[in-house]
$ cat data_22.tsv   # TSV, C-alpha atoms and all ligand atoms
chain	number	residue	atom	x	y	z
A	1	MET	CA	0.00	0.00	0.00
A	2	ARG	CA	1.29	3.40	-0.98
A	3	LEU	CA	-1.83	5.33	-0.24
A	4	LEU	CA	-5.54	4.93	0.49
A	5	VAL	CA	-8.06	7.53	-0.61
A	6	VAL	CA	-11.49	7.78	1.01
A	7	ASP	CA	-13.87	10.38	-0.39
A	8	SER	CA	-16.88	11.73	1.53
A	9	PHE	CA	-15.11	10.63	4.69
A	10	ALA	CA	-16.75	12.63	7.48
A	11	ALA	CA	-20.26	13.92	8.11
A	12	GLU	CA	-18.63	16.67	10.20
A	13	ALA	CA	-16.68	18.18	7.28
A	14	ARG	CA	-19.22	20.88	6.48
A	15	ALA	CA	-19.51	22.00	10.13
A	16	LEU	CA	-15.71	22.10	10.55
A	17	ARG	CA	-15.33	24.15	7.40
A	18	SER	CA	-18.14	26.55	8.44
A	19	HIS	CA	-16.37	27.21	11.73
A	20	PHE	CA	-13.16	28.12	9.90
A	21	ASP	CA	-15.03	30.39	7.47
A	22	ALA	CA	-16.89	32.14	10.29
A	23	ARG	CA	-13.63	32.98	12.08
A	24	PHE	CA	-12.26	34.62	8.95
A	25	ALA	CA	-15.53	36.16	7.77
A	26	ASP	CA	-14.64	39.73	8.73
A	27	PRO	CA	-10.91	40.51	8.29
A	28	ARG	CA	-11.30	43.73	10.31
A	29	ARG	CA	-12.70	42.02	13.36
A	30	ALA	CA	-9.99	41.07	15.83
A	31	THR	CA	-11.31	38.42	18.18
A	32	THR	CA	-8.97	36.47	20.44
A	33	ASP	CA	-9.80	33.16	18.74
A	34	ARG	CA	-8.15	34.44	15.56
A	35	PHE	CA	-4.74	34.74	17.25
A	36	VAL	CA	-3.96	31.05	17.17
A	37	TRP	CA	-1.98	30.55	13.97
A	38	ASP	CA	1.73	29.82	13.75
A	39	LEU	CA	3.56	30.58	10.53
A	40	TRP	CA	5.70	27.47	10.24
A	41	HIS	CA	8.64	28.29	8.03
A	42	VAL	CA	11.68	26.13	7.52
A	43	PRO	CA	13.56	27.81	4.67
A	44	GLU	CA	13.56	25.81	1.42
A	45	GLN	CA	11.46	23.04	3.04
A	46	TYR	CA	8.16	23.91	4.76
A	47	THR	CA	5.93	26.98	4.78
A	48	ALA	CA	2.35	26.91	6.05
A	49	LEU	CA	0.05	28.33	8.68
A	50	ARG	CA	-0.81	25.81	11.35
A	51	THR	CA	-2.64	25.44	14.63
A	52	PRO	CA	-3.64	22.48	16.84
A	53	ALA	CA	-6.86	21.16	15.28
A	54	TRP	CA	-8.25	19.84	18.55
A	55	GLU	CA	-8.22	23.32	20.06
A	56	TYR	CA	-9.47	25.18	17.02
A	57	PHE	CA	-12.91	23.69	16.43
A	58	PRO	CA	-16.00	23.48	18.63
A	59	LYS	CA	-15.41	20.58	21.00
A	60	GLU	CA	-18.43	18.49	20.08
A	61	THR	CA	-17.95	18.67	16.31
A	62	TYR	CA	-14.25	18.06	16.53
A	63	GLU	CA	-14.64	15.13	18.91
A	64	ALA	CA	-17.13	13.44	16.56
A	65	PHE	CA	-14.66	13.82	13.69
A	66	HIS	CA	-11.74	12.67	15.79
A	67	GLN	CA	-13.56	9.54	16.93
A	68	ARG	CA	-14.48	8.74	13.34
A	69	LEU	CA	-10.82	9.05	12.37
A	70	VAL	CA	-9.63	6.94	15.30
A	71	TRP	CA	-12.11	4.15	14.57
A	72	TRP	CA	-11.24	4.18	10.87
A	73	GLY	CA	-7.59	3.73	11.85
A	74	ARG	CA	-8.41	0.86	14.19
A	75	ARG	CA	-10.59	-1.01	11.71
A	76	THR	CA	-8.60	-0.32	8.56
A	77	LEU	CA	-5.01	-0.21	9.77
A	78	GLY	CA	-4.96	-1.74	13.21
A	79	CYS	CA	-3.58	1.51	14.62
A	80	HIS	CA	-5.05	2.23	18.01
A	81	ASP	CA	-4.80	6.01	18.05
A	82	VAL	CA	-4.11	9.20	16.12
A	83	SER	CA	-1.35	11.68	16.94
A	84	PRO	CA	-2.68	15.12	17.97
A	85	PRO	CA	-3.66	16.50	14.54
A	86	TRP	CA	-2.73	19.86	13.14
A	87	LEU	CA	-4.92	22.15	11.08
A	88	SER	CA	-2.83	23.68	8.29
A	89	CYS	CA	-3.70	26.42	5.88
A	90	TYR	CA	-1.69	27.01	2.71
A	91	VAL	CA	-2.03	30.46	1.17
A	92	ASN	CA	0.10	31.94	-1.59
A	93	GLY	CA	3.69	30.68	-1.36
A	94	CYS	CA	3.00	27.88	1.10
A	95	GLU	CA	4.38	24.43	0.36
A	96	GLN	CA	6.02	21.33	1.72
A	97	ARG	CA	9.00	20.22	-0.27
A	98	LEU	CA	9.74	16.53	-0.54
A	99	HIS	CA	10.60	14.77	2.69
A	100	GLY	CA	9.95	11.54	4.60
A	101	ASP	CA	8.39	11.41	8.07
A	102	LEU	CA	10.26	9.33	10.57
A	103	PRO	CA	9.45	8.13	13.14
A	104	HIS	CA	6.04	9.76	13.75
A	105	GLY	CA	3.82	6.77	12.96
A	106	PRO	CA	3.39	3.95	10.46
A	107	VAL	CA	0.71	5.74	8.40
A	108	ALA	CA	0.21	9.46	7.78
A	109	PHE	CA	-3.10	11.10	6.92
A	110	VAL	CA	-4.37	14.28	5.30
A	111	PHE	CA	-8.02	15.18	5.60
A	112	SER	CA	-9.06	18.06	3.40
A	113	LEU	CA	-11.43	20.91	4.21
A	114	THR	CA	-10.32	22.73	1.06
A	115	ASN	CA	-12.99	24.08	-1.29
A	116	TRP	CA	-11.12	22.26	-4.02
A	117	ASN	CA	-13.73	22.55	-6.78
A	118	LYS	CA	-13.99	26.33	-6.28
A	119	ARG	CA	-10.30	26.94	-5.68
A	120	THR	CA	-8.67	30.02	-7.12
A	121	PHE	CA	-5.09	28.83	-6.51
A	122	ARG	CA	-2.81	26.56	-8.47
A	123	GLY	CA	-0.92	23.72	-6.79
A	124	GLY	CA	-1.84	22.37	-3.36
A	125	GLU	CA	-1.81	18.71	-4.41
A	126	THR	CA	-0.32	16.12	-2.06
A	127	LEU	CA	2.72	14.63	-3.82
A	128	LEU	CA	4.28	11.20	-3.42
A	129	VAL	CA	7.42	10.06	-5.18
A	130	ARG	CA	6.56	7.08	-7.38
A	131	ASP	CA	8.04	3.65	-6.75
A	132	GLU	CA	9.65	3.69	-10.19
A	133	VAL	CA	11.75	6.66	-9.06
A	134	LEU	CA	12.77	5.02	-5.82
A	135	ASP	CA	14.03	2.15	-7.94
A	136	PHE	CA	14.84	4.26	-10.98
A	137	TRP	CA	17.69	2.38	-12.63
A	138	ARG	CA	15.91	-0.95	-12.60
A	139	GLY	CA	13.39	0.13	-15.24
A	140	PHE	CA	15.61	2.64	-17.02
A	141	THR	CA	15.53	2.78	-20.79
A	142	SER	CA	17.12	5.54	-22.79
A	143	THR	CA	14.16	5.66	-25.16
A	144	ARG	CA	11.61	7.10	-22.76
A	145	ALA	CA	11.42	10.73	-21.72
A	146	VAL	CA	10.68	11.32	-18.05
A	147	GLU	CA	8.66	14.24	-16.79
A	148	GLU	CA	6.99	15.08	-13.51
A	149	PRO	CA	3.90	12.84	-13.93
A	150	GLU	CA	6.26	9.86	-14.24
A	151	LEU	CA	8.12	10.93	-11.10
A	152	LEU	CA	5.36	12.02	-8.74
A	153	ASP	CA	1.85	10.88	-7.89
A	154	GLU	CA	-0.33	13.87	-7.18
A	155	VAL	CA	-3.48	13.66	-5.09
A	156	PRO	CA	-5.91	16.60	-5.23
A	157	ALA	CA	-6.97	17.80	-1.77
A	158	ARG	CA	-10.68	17.46	-2.51
A	159	PHE	CA	-13.14	18.56	0.15
A	160	ASN	CA	-13.94	15.81	2.66
A	161	ARG	CA	-11.26	13.47	1.28
A	162	LEU	CA	-9.07	11.41	3.59
A	163	VAL	CA	-5.71	10.35	2.20
A	164	ALA	CA	-3.70	7.83	4.23
A	165	PHE	CA	-0.19	7.04	3.03
A	166	ASP	CA	3.11	5.45	3.89
A	167	PRO	CA	5.04	8.42	5.29
A	168	ARG	CA	8.42	6.83	4.56
A	169	ILE	CA	7.76	7.55	0.89
A	170	PRO	CA	9.16	11.00	0.08
A	171	HIS	CA	6.13	13.30	-0.10
A	172	GLY	CA	5.19	16.96	-0.06
A	173	VAL	CA	2.63	19.58	-1.00
A	174	ARG	CA	2.93	21.39	-4.30
A	175	ARG	CA	3.46	25.11	-3.75
A	176	VAL	CA	0.22	27.08	-3.65
A	177	ASP	CA	0.11	30.02	-6.04
A	178	GLY	CA	-2.89	32.24	-5.60
A	179	SER	CA	-4.68	34.23	-2.95
A	180	MET	CA	-3.42	35.34	0.47
A	181	ASP	CA	-6.98	34.97	1.76
A	182	PRO	CA	-7.03	32.00	4.18
A	183	THR	CA	-10.59	31.14	3.14
A	184	GLU	CA	-9.31	30.59	-0.40
A	185	GLY	CA	-6.34	28.44	0.60
A	186	ARG	CA	-5.61	24.75	0.99
A	187	LEU	CA	-7.02	23.74	4.36
A	188	VAL	CA	-6.24	20.32	5.83
A	189	ILE	CA	-6.24	18.40	9.10
A	190	HIS	CA	-3.25	16.08	9.20
A	191	GLY	CA	-1.26	13.76	11.41
A	192	TRP	CA	-0.35	10.10	11.86
A	193	PHE	CA	-2.07	6.90	12.80
A	194	VAL	CA	-0.05	5.51	15.69
A	195	GLN	CA	0.20	2.61	18.14
A	196	PRO	CA	-0.41	-0.42	15.94
A	197	ARG	CA	-1.83	-3.18	18.10
A	198	PRO	CA	-4.41	-5.95	17.87
A	199	PHE	CA	-7.98	-4.80	18.02
A	200	ILE	CA	-11.08	-6.88	18.75
A	201	GLU	CA	-14.74	-5.97	18.36
A	202	GLY	CA	-16.82	-8.77	19.84
A	203	PRO	CA	-16.65	-11.36	22.62
A	204	LEU	CA	-13.26	-12.85	21.66
A	205	LYS	CA	-10.84	-12.63	24.58
A	206	GLU	CA	-7.43	-10.98	24.23
A	207	ARG	CA	-5.78	-14.08	25.69
A	208	ALA	CA	-7.25	-16.21	22.90
A	209	LEU	CA	-5.90	-13.80	20.30
A	210	GLU	CA	-2.47	-13.87	21.96
A	211	LEU	CA	-2.29	-17.61	21.34
A	212	ALA	CA	-3.09	-17.06	17.66
A	213	ILE	CA	-0.43	-14.34	17.47
A	214	ALA	CA	2.10	-16.75	18.94
A	215	ARG	CA	1.30	-19.19	16.12
A	216	VAL	CA	1.75	-16.47	13.51
A	217	THR	CA	5.05	-15.43	15.09
A	218	GLU	CA	6.20	-19.03	15.03
A	219	ALA	CA	5.18	-19.41	11.38
A	220	ILE	CA	7.01	-16.32	10.14
A	221	GLY	CA	9.97	-16.64	12.48
A	222	PRO	CA	12.16	-18.71	10.15
A	223	SER	CA	11.89	-16.16	7.31
A	224	LEU	CA	12.91	-13.34	9.62
A	225	SER	CA	15.71	-15.19	11.31
A	226	ALA	CA	17.00	-16.18	7.87
A	227	GLY	CA	17.58	-12.46	7.33
A	228	LEU	CA	14.57	-11.28	5.32
A	229	PRO	CA	15.03	-7.48	5.38
A	230	LEU	CA	11.44	-6.39	5.84
A	231	ALA	CA	10.14	-3.05	7.11
A	232	GLY	CA	6.59	-1.79	7.40
A	233	LEU	CA	3.12	-2.59	8.63
A	234	LEU	CA	1.04	-5.59	7.55
A	235	SER	CA	-2.52	-5.38	8.88
A	236	LEU	CA	-4.71	-8.43	8.60
A	237	GLY	CA	-8.45	-8.39	9.19
A	238	PHE	CA	-10.64	-11.41	9.91
A	239	ASP	CA	-13.74	-12.58	11.69
A	240	VAL	CA	-13.90	-15.33	14.28
A	241	GLY	CA	-17.22	-17.19	14.14
A	242	PRO	CA	-19.07	-18.66	17.14
A	243	ASP	CA	-17.54	-22.01	16.14
A	244	GLY	CA	-14.06	-20.54	16.65
A	245	ARG	CA	-13.16	-20.67	12.95
A	246	VAL	CA	-11.48	-17.83	11.10
A	247	ARG	CA	-13.47	-16.34	8.24
A	248	GLY	CA	-12.86	-13.68	5.63
A	249	LEU	CA	-9.15	-13.25	6.30
A	250	ARG	CA	-7.83	-10.35	4.25
A	251	VAL	CA	-4.93	-7.93	4.04
A	252	LEU	CA	-6.29	-4.55	5.16
A	253	ALA	CA	-3.14	-2.53	4.69
A	254	ASP	CA	0.37	-3.51	3.74
A	255	THR	CA	3.28	-1.06	3.74
A	256	THR	CA	5.94	-3.75	4.07
A	257	ARG	CA	8.88	-3.19	1.75
A	258	THR	CA	11.93	-5.20	0.90
A	259	PRO	CA	14.51	-5.10	-1.91
A	260	GLU	CA	13.35	-6.72	-5.16
A	261	GLU	CA	15.44	-9.86	-4.71
A	262	HIS	CA	13.64	-10.54	-1.41
A	263	GLN	CA	10.10	-10.25	-2.82
A	264	PRO	CA	9.59	-14.04	-2.98
A	265	GLY	CA	10.57	-14.18	0.71
A	266	ARG	CA	8.09	-11.42	1.52
A	267	ARG	CA	5.28	-13.21	-0.29
A	268	ALA	CA	6.13	-16.46	1.49
A	269	LEU	CA	6.01	-14.69	4.85
A	270	VAL	CA	2.56	-13.21	4.18
A	271	LYS	CA	1.35	-16.61	3.03
A	272	ALA	CA	2.72	-18.28	6.16
A	273	ALA	CA	1.04	-15.69	8.40
A	274	ARG	CA	-2.30	-16.20	6.63
A	275	LYS	CA	-2.03	-19.97	6.80
A	276	ALA	CA	-1.22	-19.91	10.53
A	277	LEU	CA	-4.29	-17.81	11.23
A	278	GLU	CA	-6.64	-19.71	8.96
A	279	SER	CA	-5.71	-23.02	10.53
A	280	HIS	CA	-6.01	-21.71	14.07
A	281	VAL	CA	-9.17	-22.64	15.98
A	282	PHE	CA	-10.29	-20.13	18.59
A	283	PRO	CA	-12.53	-21.01	21.55
A	284	LYS	CA	-16.24	-21.16	20.77
A	285	SER	CA	-18.18	-17.98	21.62
A	286	ARG	CA	-21.68	-16.54	21.53
A	287	ALA	CA	-21.19	-14.20	18.57
A	288	VAL	CA	-18.89	-13.20	15.74
A	289	SER	CA	-15.81	-11.11	16.59
A	290	HIS	CA	-14.06	-8.77	14.17
A	291	VAL	CA	-10.30	-8.68	14.55
A	292	THR	CA	-7.64	-6.35	13.18
A	293	LEU	CA	-4.15	-7.72	13.59
A	294	PRO	CA	-1.26	-5.41	12.69
A	295	LEU	CA	2.18	-6.97	12.27
A	296	VAL	CA	5.03	-4.49	12.46
A	297	PHE	CA	8.41	-5.21	10.89
A	298	GLU	CA	11.41	-3.05	11.63
A	299	ARG	CA	14.92	-2.87	10.28
B	301	FE	FE	5.26	14.73	6.02
$ encode --input "data_22.tsv" --output "structure tokens"
Amino acid sequence: MRLLVVDSFAAEARALRSHFDARFADPRRATTDRFVWDLWHVPEQYTALRTPAWEYFPKETYEAFHQRLVWWGRRTLGCHDVSPPWLSCYVNGCEQRLHGDLPHGPVAFVFSLTNWNKRTFRGGETLLVRDEVLDFWRGFTSTRAVEEPELLDEVPARFNRLVAFDPRIPHGVRRVDGSMDPTEGRLVIHGWFVQPRPFIEGPLKERALELAIARVTEAIGPSLSAGLPLAGLLSLGFDVGPDGRVRGLRVLADTTRTPEEHQPGRRALVKAARKALESHVFPKSRAVSHVTLPLVFER
């Protein structure tokens, strides 16, 4: 997984945006709640206005959004929490040049409150360096011209869109050229999904899951001790039926990376993990449980 895009993510988007617009409605009115923005400027790297999102919005609306985000991270990634998110506004000249985020969290997110379809600025897309660039010489041929679309993926910051991505991939925000009016800028809430750990919804006991995890660890152990250089997050999702059988096992998110020559080893490891889970029999229970199991590999 390089990135996941979820449109129409939050029912709270309109209310969050309205709060921002109301604060900037009258540029001549100086209320204390306007004096909360930091101009973050690292020369030649980052320029944007930012403020802690959790303090900026009305508590109830923000909390509803935050909980939605947290639960999405638990169910989709197996990440238990979200780092305290920032609200960033990009007006004319603001940008993030390419960089990688380490070690904030295994998955980064950008949630947009930008009026993208009515924007008056150019730029503002989220950029990710393409895999072909990170492994440029492998696919190199002297017959093909290379321009920016072949080097960078660009993701428009559409209103109410959540983008989750592997923050180790060099990424940035294309420089915004346009208005100095904050209400016409690129407006996003952003941060990281953190604390990957197993997550159960249903009657399944943690102890029972620990036994299954031990089997998975045992199954993938030989690959790792043989020196498979793997790094990233592999989140598996499955249900455990009342009969204790595993159903619907699937890869929810996979940011694991390894050099090309180790790809067969990586595939074998994923297969071994799946097989260990699918053959495991949990204790019988009264109802179905939904499980997210994140496996974290570090180098
Ligand atoms: Fe970043």
$ residues_near_ligand --input "data_22.tsv" --ligand "ligand FE 301 (chain B)" --cutoff "7 Å" --atoms "only C-alpha atoms and all ligand atoms" --output "list of chain:residue names"
A:His99, A:Gly100, A:Asp101, A:Pro167, A:His171, A:Gly172
$ atom_distance --input "data_22.tsv" --atom1 "CA of Val163 (chain A)" --atom2 "CA of Pro43 (chain A)"
26.1 Å
$ closest_residue --input "data_22.tsv" --among "A:Thr258, A:Tyr90, A:Ala25, A:Ala157" --to "Asp135 (chain A)" --atoms "only C-alpha atoms"
A:Thr258
$ residues_around --input "data_22.tsv" --residues "Tyr46 (chain A)" --least-positions-apart "3" --cutoff "6 Å" --atoms "all atoms listed in the file" --output "JSON list (two decimals) with C-alpha atoms, in the coordinates of the input"
[["chain", "number", "residue", "atom", "x", "y", "z"],
["A", 41, "HIS", "CA", 8.64, 28.29, 8.03],
["A", 42, "VAL", "CA", 11.68, 26.13, 7.52],
["A", 95, "GLU", "CA", 4.38, 24.43, 0.36],
["A", 96, "GLN", "CA", 6.02, 21.33, 1.72]]
$ residues_around --input "data_22.tsv" --residues "Phe9 (chain A)" --least-positions-apart "2" --cutoff "8 Å" --atoms "all atoms listed in the file" --output "VMD selection string"
chain A and resid 6 to 7 11 160 to 162
$ residues_around --input "data_22.tsv" --residues "Phe24 (chain A)" --least-positions-apart "4" --cutoff "9 Å" --atoms "all atoms listed in the file" --output "list in words"
His19, Phe20, Arg29, Arg34, Asp181, Pro182 and Thr183 of chain A
$ residues_around --input "data_22.tsv" --residues "Phe297 (chain A)" --least-positions-apart "3" --cutoff "7 Å" --atoms "only C-alpha atoms" --output "PyMOL selection string"
chain A and resi 230-233
$ closest_residue --input "data_22.tsv" --among "A:Leu102, A:Val110, A:Ala287, A:Ala164" --to "Pro203 (chain A)" --atoms "only C-alpha atoms"
A:Ala287
$ residues_around --input "data_22.tsv" --residues "Ala219 (chain A)" --least-positions-apart "3" --cutoff "8 Å" --atoms "all atoms listed in the file" --output "ChimeraX atom specification"
/A:215-216,222,272-273,276
$ axis_aligned_box --input "data_22.tsv" --around "region 6-13 of chain A" --padding-each-side "4 Å" --output "lines of an AutoDock Vina configuration file"
center_x = -15.9
center_y = 13.0
center_z = 4.9
size_x = 16.8
size_y = 18.4
size_z = 18.6
$ closest_residue --input "data_22.tsv" --among "A:Cys94, A:Ala253, A:Leu293, A:Ala64" --to "Glu206 (chain A)" --atoms "only C-alpha atoms"
A:Leu293
$ closest_residue --input "data_22.tsv" --among "A:Met180, A:Val107, A:Leu151, A:Ala145" --to "Thr120 (chain A)" --atoms "all atoms listed in the file"
A:Met180
